Amino acid sequence: AELSARFPSEMPTHVKIYLKDTPRIIHLKCSAYEGFLTHPMSWTRVEEKLQSLSKPYSNEFLRNSIIDVVKHFENYSVRDLTRLFSLGF
């Protein structure tokens, strides 16, 4: 409930990692992530992320086409984008 109360101005997360070979516990707290409204992702990073995540499922031409449509979306339709998705994903 405490974390939910901080949303939507934050996207709080608490993570505990219990190490198997030691009694040590690592605690991590975060209030946002790259791409959240308080920590926007740069366009360069968006392109890098799309390239890395979609590389196993598409060729370079398709990935670059998707990037172009998203980058210049005012010149395209949702249908144009979904058509590209259907080609490789």
# chains A, B, ... in the order shown; residues from 1 in each chain; ligands from 1
$ select_by_dssp --residues "chain A" --states "alpha helix (DSSP H)" --output "PyMOL selection string"
chain A and resi 2-5+43-54+60-71+78-88
$ write_last_selection --atoms "C-alpha atoms" --output "short mmCIF file (atom, residue, chain, number, x, y, z; two decimals), in the first residue's frame"
data_model
loop_
_atom_site.label_atom_id
_atom_site.label_comp_id
_atom_site.auth_asym_id
_atom_site.auth_seq_id
_atom_site.Cartn_x
_atom_site.Cartn_y
_atom_site.Cartn_z
CA GLU A 2 2.85 2.39 0.79
CA LEU A 3 4.38 1.91 -2.67
CA SER A 4 1.00 2.20 -4.41
CA ALA A 5 0.32 5.52 -2.66
CA TRP A 43 15.71 8.85 -28.46
CA THR A 44 19.16 7.30 -28.98
CA ARG A 45 18.51 4.90 -26.10
CA VAL A 46 15.04 4.06 -27.49
CA GLU A 47 16.65 3.11 -30.80
CA GLU A 48 19.35 1.05 -29.08
CA LYS A 49 16.77 -0.79 -26.99
CA LEU A 50 14.54 -1.57 -29.96
CA GLN A 51 17.53 -2.80 -31.96
CA SER A 52 18.78 -5.08 -29.19
CA LEU A 53 15.40 -6.52 -28.20
CA SER A 54 14.12 -7.13 -31.73
CA GLU A 60 17.98 -4.66 -39.93
CA PHE A 61 15.75 -3.18 -42.63
CA LEU A 62 12.58 -3.98 -40.68
CA ARG A 63 14.00 -2.62 -37.42
CA ASN A 64 15.06 0.61 -39.10
CA SER A 65 11.65 0.90 -40.77
CA ILE A 66 9.90 0.59 -37.41
CA ILE A 67 12.20 3.21 -35.92
CA ASP A 68 11.47 5.55 -38.82
CA VAL A 69 7.70 5.17 -38.49
CA VAL A 70 7.79 5.77 -34.74
CA LYS A 71 10.18 8.71 -35.07
CA VAL A 78 -1.24 3.01 -36.71
CA ARG A 79 -1.96 0.64 -39.59
CA ASP A 80 1.47 1.41 -41.07
CA LEU A 81 3.14 0.49 -37.80
CA THR A 82 1.12 -2.68 -37.19
CA ARG A 83 1.80 -3.78 -40.76
CA LEU A 84 5.52 -3.60 -40.02
CA PHE A 85 5.06 -5.58 -36.80
CA SER A 86 3.30 -8.34 -38.71
CA LEU A 87 6.30 -8.76 -41.02
CA GLY A 88 8.84 -9.86 -38.49
#
$ select_by_dssp --residues "chain A" --states "strand (DSSP E)" --output "NGL selection string"
:A and (13-18 or 25-30)
$ residues_around --residues "Ala1 in chain A" --least-positions-apart "4" --cutoff "12 Å" --atoms "only C-alpha atoms" --output "list of chain:residue names"
A:Ala5, A:Arg6, A:Phe7, A:Pro12, A:Thr13
$ closest_residue --among "A:Arg24, A:Ile17, A:Glu10, A:Glu74" --to "Thr38 in chain A" --atoms "only C-alpha atoms"
A:Glu10
$ atom_distance --atom1 "CA of Ser9 in chain A" --atom2 "CA of His27 in chain A"
22.3 Å
$ atom_distance --atom1 "CA of Ala32 in chain A" --atom2 "CA of Lys16 in chain A"
16.8 Å
$ decode --residues "range 32-66 of chain A" --atoms "N, CA, C and O atoms" --output "mmCIF file, in the first residue's frame"
data_model
loop_
_atom_site.group_PDB
_atom_site.id
_atom_site.type_symbol
_atom_site.label_atom_id
_atom_site.label_comp_id
_atom_site.auth_asym_id
_atom_site.auth_seq_id
_atom_site.Cartn_x
_atom_site.Cartn_y
_atom_site.Cartn_z
ATOM 1 N N ALA A 32 12.007 5.189 -9.833
ATOM 2 C CA ALA A 32 11.695 5.359 -11.257
ATOM 3 C C ALA A 32 12.621 4.452 -12.062
ATOM 4 O O ALA A 32 13.551 3.864 -11.523
ATOM 5 N N TYR A 33 12.365 4.353 -13.324
ATOM 6 C CA TYR A 33 13.201 3.566 -14.221
ATOM 7 C C TYR A 33 13.402 4.378 -15.496
ATOM 8 O O TYR A 33 12.673 5.334 -15.768
ATOM 9 N N GLU A 34 14.399 4.016 -16.262
ATOM 10 C CA GLU A 34 14.651 4.704 -17.525
ATOM 11 C C GLU A 34 13.436 4.531 -18.433
ATOM 12 O O GLU A 34 13.020 3.420 -18.725
ATOM 13 N N GLY A 35 12.856 5.643 -18.820
ATOM 14 C CA GLY A 35 11.650 5.618 -19.631
ATOM 15 C C GLY A 35 10.413 6.052 -18.869
ATOM 16 O O GLY A 35 9.387 6.365 -19.468
ATOM 17 N N PHE A 36 10.489 6.085 -17.537
ATOM 18 C CA PHE A 36 9.370 6.570 -16.730
ATOM 19 C C PHE A 36 9.281 8.077 -16.892
ATOM 20 O O PHE A 36 10.245 8.745 -17.254
ATOM 21 N N LEU A 37 8.124 8.656 -16.629
ATOM 22 C CA LEU A 37 7.911 10.078 -16.891
ATOM 23 C C LEU A 37 8.872 10.985 -16.147
ATOM 24 O O LEU A 37 9.182 12.078 -16.615
ATOM 25 N N THR A 38 9.395 10.567 -15.015
ATOM 26 C CA THR A 38 10.359 11.393 -14.292
ATOM 27 C C THR A 38 11.800 11.141 -14.734
ATOM 28 O O THR A 38 12.715 11.841 -14.309
ATOM 29 N N HIS A 39 11.997 10.137 -15.576
ATOM 30 C CA HIS A 39 13.332 9.775 -16.065
ATOM 31 C C HIS A 39 13.210 9.355 -17.539
ATOM 32 O O HIS A 39 13.356 8.185 -17.872
ATOM 33 N N PRO A 40 12.902 10.317 -18.421
ATOM 34 C CA PRO A 40 12.665 9.971 -19.821
ATOM 35 C C PRO A 40 13.872 9.317 -20.485
ATOM 36 O O PRO A 40 15.021 9.614 -20.147
ATOM 37 N N MET A 41 13.580 8.422 -21.413
ATOM 38 C CA MET A 41 14.615 7.746 -22.170
ATOM 39 C C MET A 41 14.954 8.608 -23.387
ATOM 40 O O MET A 41 14.059 9.119 -24.053
ATOM 41 N N SER A 42 16.219 8.765 -23.670
ATOM 42 C CA SER A 42 16.619 9.535 -24.848
ATOM 43 C C SER A 42 16.219 8.773 -26.117
ATOM 44 O O SER A 42 16.059 7.543 -26.100
ATOM 45 N N TRP A 43 16.073 9.509 -27.204
ATOM 46 C CA TRP A 43 15.707 8.848 -28.459
ATOM 47 C C TRP A 43 16.798 7.865 -28.870
ATOM 48 O O TRP A 43 16.507 6.768 -29.347
ATOM 49 N N THR A 44 18.056 8.216 -28.663
ATOM 50 C CA THR A 44 19.161 7.301 -28.985
ATOM 51 C C THR A 44 19.016 6.003 -28.205
ATOM 52 O O THR A 44 19.184 4.908 -28.750
ATOM 53 N N ARG A 45 18.684 6.108 -26.938
ATOM 54 C CA ARG A 45 18.506 4.905 -26.102
ATOM 55 C C ARG A 45 17.299 4.093 -26.549
ATOM 56 O O ARG A 45 17.338 2.861 -26.531
ATOM 57 N N VAL A 46 16.217 4.766 -26.964
ATOM 58 C CA VAL A 46 15.043 4.058 -27.491
ATOM 59 C C VAL A 46 15.441 3.226 -28.705
ATOM 60 O O VAL A 46 15.086 2.047 -28.823
ATOM 61 N N GLU A 47 16.199 3.835 -29.608
ATOM 62 C CA GLU A 47 16.653 3.109 -30.800
ATOM 63 C C GLU A 47 17.532 1.922 -30.423
ATOM 64 O O GLU A 47 17.360 0.817 -30.960
ATOM 65 N N GLU A 48 18.475 2.134 -29.517
ATOM 66 C CA GLU A 48 19.354 1.048 -29.076
ATOM 67 C C GLU A 48 18.559 -0.101 -28.472
ATOM 68 O O GLU A 48 18.822 -1.273 -28.751
ATOM 69 N N LYS A 49 17.570 0.239 -27.657
ATOM 70 C CA LYS A 49 16.771 -0.789 -26.993
ATOM 71 C C LYS A 49 15.941 -1.572 -28.008
ATOM 72 O O LYS A 49 15.884 -2.799 -27.954
ATOM 73 N N LEU A 50 15.318 -0.868 -28.944
ATOM 74 C CA LEU A 50 14.540 -1.570 -29.963
ATOM 75 C C LEU A 50 15.443 -2.487 -30.784
ATOM 76 O O LEU A 50 15.099 -3.640 -31.037
ATOM 77 N N GLN A 51 16.601 -1.979 -31.174
ATOM 78 C CA GLN A 51 17.530 -2.799 -31.964
ATOM 79 C C GLN A 51 17.931 -4.066 -31.198
ATOM 80 O O GLN A 51 17.888 -5.163 -31.749
ATOM 81 N N SER A 52 18.303 -3.919 -29.943
ATOM 82 C CA SER A 52 18.783 -5.082 -29.191
ATOM 83 C C SER A 52 17.678 -6.086 -28.882
ATOM 84 O O SER A 52 17.901 -7.298 -28.954
ATOM 85 N N LEU A 53 16.480 -5.605 -28.552
ATOM 86 C CA LEU A 53 15.397 -6.525 -28.195
ATOM 87 C C LEU A 53 14.779 -7.219 -29.411
ATOM 88 O O LEU A 53 14.291 -8.345 -29.299
ATOM 89 N N SER A 54 14.790 -6.551 -30.562
ATOM 90 C CA SER A 54 14.122 -7.126 -31.728
ATOM 91 C C SER A 54 15.072 -7.814 -32.698
ATOM 92 O O SER A 54 14.618 -8.476 -33.635
ATOM 93 N N LYS A 55 16.368 -7.703 -32.469
ATOM 94 C CA LYS A 55 17.336 -8.296 -33.397
ATOM 95 C C LYS A 55 17.122 -9.792 -33.654
ATOM 96 O O LYS A 55 17.211 -10.232 -34.798
ATOM 97 N N PRO A 56 16.817 -10.600 -32.635
ATOM 98 C CA PRO A 56 16.614 -12.031 -32.900
ATOM 99 C C PRO A 56 15.368 -12.342 -33.746
ATOM 100 O O PRO A 56 15.219 -13.449 -34.234
ATOM 101 N N TYR A 57 14.472 -11.370 -33.888
ATOM 102 C CA TYR A 57 13.183 -11.629 -34.521
ATOM 103 C C TYR A 57 12.968 -10.867 -35.829
ATOM 104 O O TYR A 57 11.915 -10.998 -36.445
ATOM 105 N N SER A 58 13.945 -10.061 -36.233
ATOM 106 C CA SER A 58 13.739 -9.220 -37.416
ATOM 107 C C SER A 58 15.078 -8.901 -38.059
ATOM 108 O O SER A 58 16.131 -9.028 -37.451
ATOM 109 N N ASN A 59 15.003 -8.440 -39.304
ATOM 110 C CA ASN A 59 16.227 -8.028 -39.973
ATOM 111 C C ASN A 59 16.452 -6.528 -39.774
ATOM 112 O O ASN A 59 15.577 -5.811 -39.282
ATOM 113 N N GLU A 60 17.622 -6.064 -40.167
ATOM 114 C CA GLU A 60 17.977 -4.661 -39.932
ATOM 115 C C GLU A 60 17.038 -3.696 -40.660
ATOM 116 O O GLU A 60 16.664 -2.653 -40.121
ATOM 117 N N PHE A 61 16.643 -4.047 -41.871
ATOM 118 C CA PHE A 61 15.748 -3.181 -42.626
ATOM 119 C C PHE A 61 14.411 -2.992 -41.899
ATOM 120 O O PHE A 61 13.909 -1.880 -41.786
ATOM 121 N N LEU A 62 13.852 -4.067 -41.392
ATOM 122 C CA LEU A 62 12.577 -3.976 -40.677
ATOM 123 C C LEU A 62 12.728 -3.150 -39.399
ATOM 124 O O LEU A 62 11.901 -2.288 -39.112
ATOM 125 N N ARG A 63 13.788 -3.399 -38.644
ATOM 126 C CA ARG A 63 14.000 -2.620 -37.417
ATOM 127 C C ARG A 63 14.131 -1.131 -37.714
ATOM 128 O O ARG A 63 13.525 -0.296 -37.049
ATOM 129 N N ASN A 64 14.886 -0.800 -38.735
ATOM 130 C CA ASN A 64 15.056 0.613 -39.101
ATOM 131 C C ASN A 64 13.759 1.215 -39.621
ATOM 132 O O ASN A 64 13.489 2.399 -39.392
ATOM 133 N N SER A 65 12.947 0.413 -40.293
ATOM 134 C CA SER A 65 11.647 0.896 -40.766
ATOM 135 C C SER A 65 10.721 1.209 -39.597
ATOM 136 O O SER A 65 10.026 2.229 -39.596
ATOM 137 N N ILE A 66 10.712 0.350 -38.598
ATOM 138 C CA ILE A 66 9.895 0.586 -37.406
ATOM 139 C C ILE A 66 10.366 1.861 -36.701
ATOM 140 O O ILE A 66 9.551 2.709 -36.314
#
